[in-house]
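Colleague: Could you have a look at this structure, given as structure tokens, before my questions?
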Amino acid sequence: MAPVNADINVNGNGAFILAKKGLPEIVENEKFTQGYSYEILLDTANFLLSKIKVRPRIGVICGSGMGSYWKDGSLAENIEDAECIPYEDIPNFPVSTVEGHHGKLVFGKIEGVPVVAMQGRFHYYEGYPLWKCCLPVRVMKLLGVDTLIATNAAGGLNPNYNIGDLMIVKDHINMMGFAGNNPLHGPNDDRFGPRFPPMNKAYNYEFRKIAKEVAKELEIENIVREGVYTCLGGPNFETVAELNMLKMVGVDAVGMSTVHEVITARHCDMNVFALSLITNECIASYDQSGEANHEEVLDVGKVRQDILRKFVSRLVERFTQLGGSHEK
Ligand SMILES: O=P(O)(O)O[C@@H]1C[C@H](O)[C@@H](CO)O1
Ligand SMILES: Nc1nc2[nH]cnc2c(=O)[nH]1
């Protein structure tokens, strides 16, 4: 794991606190997508550390409709000793504006492993620049998270996929990046990671292997796939011509998130696993009836919540057992 250039101390109340040191601040400037400085995000991390009992090791981002599992009563069933912090109470955090994204950080333990779950993520189409959509990933890193599990709802473009399938993300195509929109755009702060991060091993090979083993153990291998994801800016779903173009370049599932989060996580040397829930069939023919809609996306999330919970819990346990020495 790349060192974050911060000392970790314990304050008088027994809470963890990160000490600021090092390079000068980069001034926030949304227009030029420079993002928040390292120091500003340390303030956010220190605020969270002053509130929580555990230091999370794994971060989970809940996709559309999947956060509902983590809500209220059912959250407590899975995340032990849950501590919920609404986004609006967290300094420098954006707020969730999309149905199916509740807007809370949930700290606690899954299978004894300290975790933080984002019950609601931020999307570009909500009006946030990409760096801001990914701000929580950097905060997670400062909190001590070394592994990111990102989940999302996506349209199935691969004709062999069915609604309700789970796609282990093998790779992505950064369509927004092709147009110059990247969460790392702007001055680089080496304390987070290098100016030119590699991306050929973005999705951890060992994690993907484990996920396929776990799928067998849970007897869900018939609904588990592995494929290539792409993120478009949204909020509209795709045209037939767009979908056919994406199919031609090798995309299996289409969504509106995850890619920029993964880039940010890999930039600061986190290990990454991502999972797409196929919530709808991409309509890639003019003869086909029906239209994509957000309600269907949320409904499929509800139907699959139990399987997702079991799958993600087992992955948290197994990824942690792997330790830090594996090939990324
Ligand atoms: O947050 P995710 O990527 O799971 O959400 C997807 C993309 C849109 O936000 C929404 C469309 O229904 O689902
Ligand atoms: N872009 C996109 N995002 C989605 N999220 C869930 N389904 C879809 C889809 O079909 N397209």
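Residues are named by chain letter and number: chains run A, B, ... in the order of the structure tokens, numbers start at 1 in each chain, and ligands are numbered from 1 in the order shown.
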Would you list, as an NGL selection string, the residues of segment 107-167 of chain A that end up in strand (DSSP E) under DSSP run on this structure's backbone?

Modeller: :A and (107-110 or 113-119 or 147-156 or 166-167)

Colleague: Would you pick out the contacts of Leu322 of chain A at 10 Å or less, using only C-alpha atoms, so that residues sharing its chain but fewer than 4 positions from it are not included, and give the list as a list in words?

Modeller: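 In the requested form, the answer reads Glu206, Phe207, Ile210, Glu317, Arg318 and His326 of chain A.
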
Colleague: Near segment 213-219 of chain A, counting only C-alpha atoms, which residues have an atom at most 8 Å away, once you skip same-chain residues fewer than 5 positions from it, shown as a PyMOL selection string?

Modeller: chain A and resi 224+311+314-315

Colleague: Keeping only N, CA and C atoms, write the selected residues to a file as a short mmCIF file (atom, residue, chain, number, x, y, z; two decimals), in the first residue's frame.

Modeller:
```cif
data_model
loop_
_atom_site.label_atom_id
_atom_site.label_comp_id
_atom_site.auth_asym_id
_atom_site.auth_seq_id
_atom_site.Cartn_x
_atom_site.Cartn_y
_atom_site.Cartn_z
N VAL A 224 -23.32 -15.71 -12.06
CA VAL A 224 -22.14 -14.85 -11.96
C VAL A 224 -21.34 -14.88 -13.26
N PHE A 311 -22.83 -12.56 -0.74
CA PHE A 311 -21.65 -12.54 -1.62
C PHE A 311 -20.62 -11.54 -1.10
N ARG A 314 -18.96 -12.57 2.26
CA ARG A 314 -17.96 -13.63 2.10
C ARG A 314 -16.70 -13.06 1.43
N LEU A 315 -16.89 -12.14 0.49
CA LEU A 315 -15.72 -11.54 -0.18
C LEU A 315 -14.89 -10.73 0.80
#
```

Colleague: Output the neighbourhood of ligand 1 as an mmCIF file with N, CA and C atoms, in the first residue's frame, that is, all protein and nucleic acid residues with some atom at most 7 Å from the ligand, counting only C-alpha atoms and all ligand atoms.

Modeller:
```cif
data_model
loop_
_atom_site.group_PDB
_atom_site.id
_atom_site.type_symbol
_atom_site.label_atom_id
_atom_site.label_comp_id
_atom_site.auth_asym_id
_atom_site.auth_seq_id
_atom_site.Cartn_x
_atom_site.Cartn_y
_atom_site.Cartn_z
ATOM 1 N N GLY A 63 -24.170 0.295 -4.879
ATOM 2 C CA GLY A 63 -24.757 0.792 -6.120
ATOM 3 C C GLY A 63 -26.243 1.112 -5.961
ATOM 4 N N SER A 64 -26.828 1.639 -7.032
ATOM 5 C CA SER A 64 -28.246 2.015 -7.024
ATOM 6 C C SER A 64 -29.110 0.860 -6.538
ATOM 7 N N ARG A 121 -23.714 6.808 -3.485
ATOM 8 C CA ARG A 121 -22.518 7.363 -4.130
ATOM 9 C C ARG A 121 -22.886 8.645 -4.869
ATOM 10 N N HIS A 123 -22.690 10.871 -8.462
ATOM 11 C CA HIS A 123 -22.583 10.670 -9.905
ATOM 12 C C HIS A 123 -22.307 12.004 -10.606
ATOM 13 N N THR A 151 -19.752 -1.540 -6.002
ATOM 14 C CA THR A 151 -20.863 -2.224 -6.670
ATOM 15 C C THR A 151 -21.658 -1.203 -7.486
ATOM 16 N N ASN A 152 -22.303 -1.672 -8.519
ATOM 17 C CA ASN A 152 -23.122 -0.768 -9.321
ATOM 18 C C ASN A 152 -24.264 -1.527 -9.987
ATOM 19 N N ALA A 153 -25.258 -0.773 -10.387
ATOM 20 C CA ALA A 153 -26.325 -1.304 -11.237
ATOM 21 C C ALA A 153 -25.941 -0.973 -12.674
ATOM 22 N N ALA A 154 -26.131 -1.926 -13.565
ATOM 23 C CA ALA A 154 -25.720 -1.676 -14.955
ATOM 24 C C ALA A 154 -26.672 -2.365 -15.923
ATOM 25 N N PRO A 235 -27.501 11.730 -17.368
ATOM 26 C CA PRO A 235 -28.406 10.772 -16.745
ATOM 27 C C PRO A 235 -29.281 9.992 -17.733
ATOM 28 N N GLY A 255 -22.983 1.471 -17.376
ATOM 29 C CA GLY A 255 -23.481 2.160 -16.186
ATOM 30 C C GLY A 255 -23.120 3.631 -16.184
ATOM 31 N N MET A 256 -23.197 4.242 -15.005
ATOM 32 C CA MET A 256 -22.919 5.683 -14.879
ATOM 33 C C MET A 256 -22.022 5.969 -13.671
ATOM 34 N N SER A 257 -21.166 5.022 -13.311
ATOM 35 C CA SER A 257 -20.335 5.245 -12.113
ATOM 36 C C SER A 257 -19.077 4.373 -12.182
ATOM 37 N N THR A 258 -18.490 4.142 -11.054
ATOM 38 C CA THR A 258 -17.449 3.136 -10.776
ATOM 39 C C THR A 258 -16.090 3.400 -11.439
ATOM 40 N N ASN A 293 -35.491 2.083 -17.394
ATOM 41 C CA ASN A 293 -35.998 3.049 -16.398
ATOM 42 C C ASN A 293 -35.419 2.753 -15.018
ATOM 43 N N HIS A 294 -35.347 3.797 -14.203
ATOM 44 C CA HIS A 294 -34.677 3.706 -12.900
ATOM 45 C C HIS A 294 -35.457 2.816 -11.921
ATOM 46 N N VAL A 297 -34.399 -0.655 -12.263
ATOM 47 C CA VAL A 297 -33.054 -0.785 -11.690
ATOM 48 C C VAL A 297 -33.158 -1.015 -10.184
#
```

Colleague: Residues at most 10 Å from ligand 2, using only C-alpha atoms and all ligand atoms? Could they come as a PyMOL selection string?

Modeller: chain A and resi 63-64+152-157+230-239+243+253-257+276-283+291-298+300

Colleague: Those same residues, written as a compact mmCIF listing (two decimals), in the first residue's frame with C-alpha atoms?

Modeller:
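That gives us result-v4.txt:
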```txt
# COMPACT_ATOMS: atom_id res chain seq x y z
CA GLY A 63 -24.76 0.79 -6.12
CA SER A 64 -28.25 2.02 -7.02
CA ASN A 152 -23.12 -0.77 -9.32
CA ALA A 153 -26.33 -1.30 -11.24
CA ALA A 154 -25.72 -1.68 -14.95
CA GLY A 155 -27.49 -2.46 -18.18
CA GLY A 156 -26.55 -5.82 -19.71
CA LEU A 157 -25.21 -5.37 -23.24
CA THR A 230 -18.14 1.20 -19.11
CA CYS A 231 -19.44 4.37 -17.51
CA LEU A 232 -21.23 7.06 -19.47
CA GLY A 233 -22.00 10.48 -17.99
CA GLY A 234 -25.79 10.01 -17.90
CA PRO A 235 -28.41 10.77 -16.74
CA ASN A 236 -30.10 9.57 -19.93
CA PHE A 237 -29.92 5.90 -20.84
CA GLU A 238 -28.34 5.03 -24.20
CA THR A 239 -29.56 5.23 -27.77
CA LEU A 243 -25.23 0.68 -27.51
CA ALA A 253 -22.31 -3.82 -19.17
CA VAL A 254 -23.10 -0.10 -19.20
CA GLY A 255 -23.48 2.16 -16.19
CA MET A 256 -22.92 5.68 -14.88
CA SER A 257 -20.34 5.25 -12.11
CA SER A 276 -22.17 -4.98 -11.52
CA LEU A 277 -25.72 -6.09 -10.90
CA ILE A 278 -27.36 -6.44 -14.32
CA THR A 279 -30.63 -4.63 -13.70
CA ASN A 280 -31.93 -4.33 -17.25
CA GLU A 281 -31.31 -5.45 -20.75
CA CYS A 282 -29.74 -2.79 -22.96
CA ILE A 283 -32.11 -2.33 -25.88
CA GLU A 291 -37.44 1.33 -22.36
CA ALA A 292 -34.80 1.43 -19.62
CA ASN A 293 -36.00 3.05 -16.40
CA HIS A 294 -34.68 3.71 -12.90
CA GLU A 295 -37.60 1.95 -11.15
CA GLU A 296 -36.65 -1.36 -12.77
CA VAL A 297 -33.05 -0.79 -11.69
CA LEU A 298 -34.12 -0.31 -8.06
CA VAL A 300 -33.83 -5.69 -9.34
```
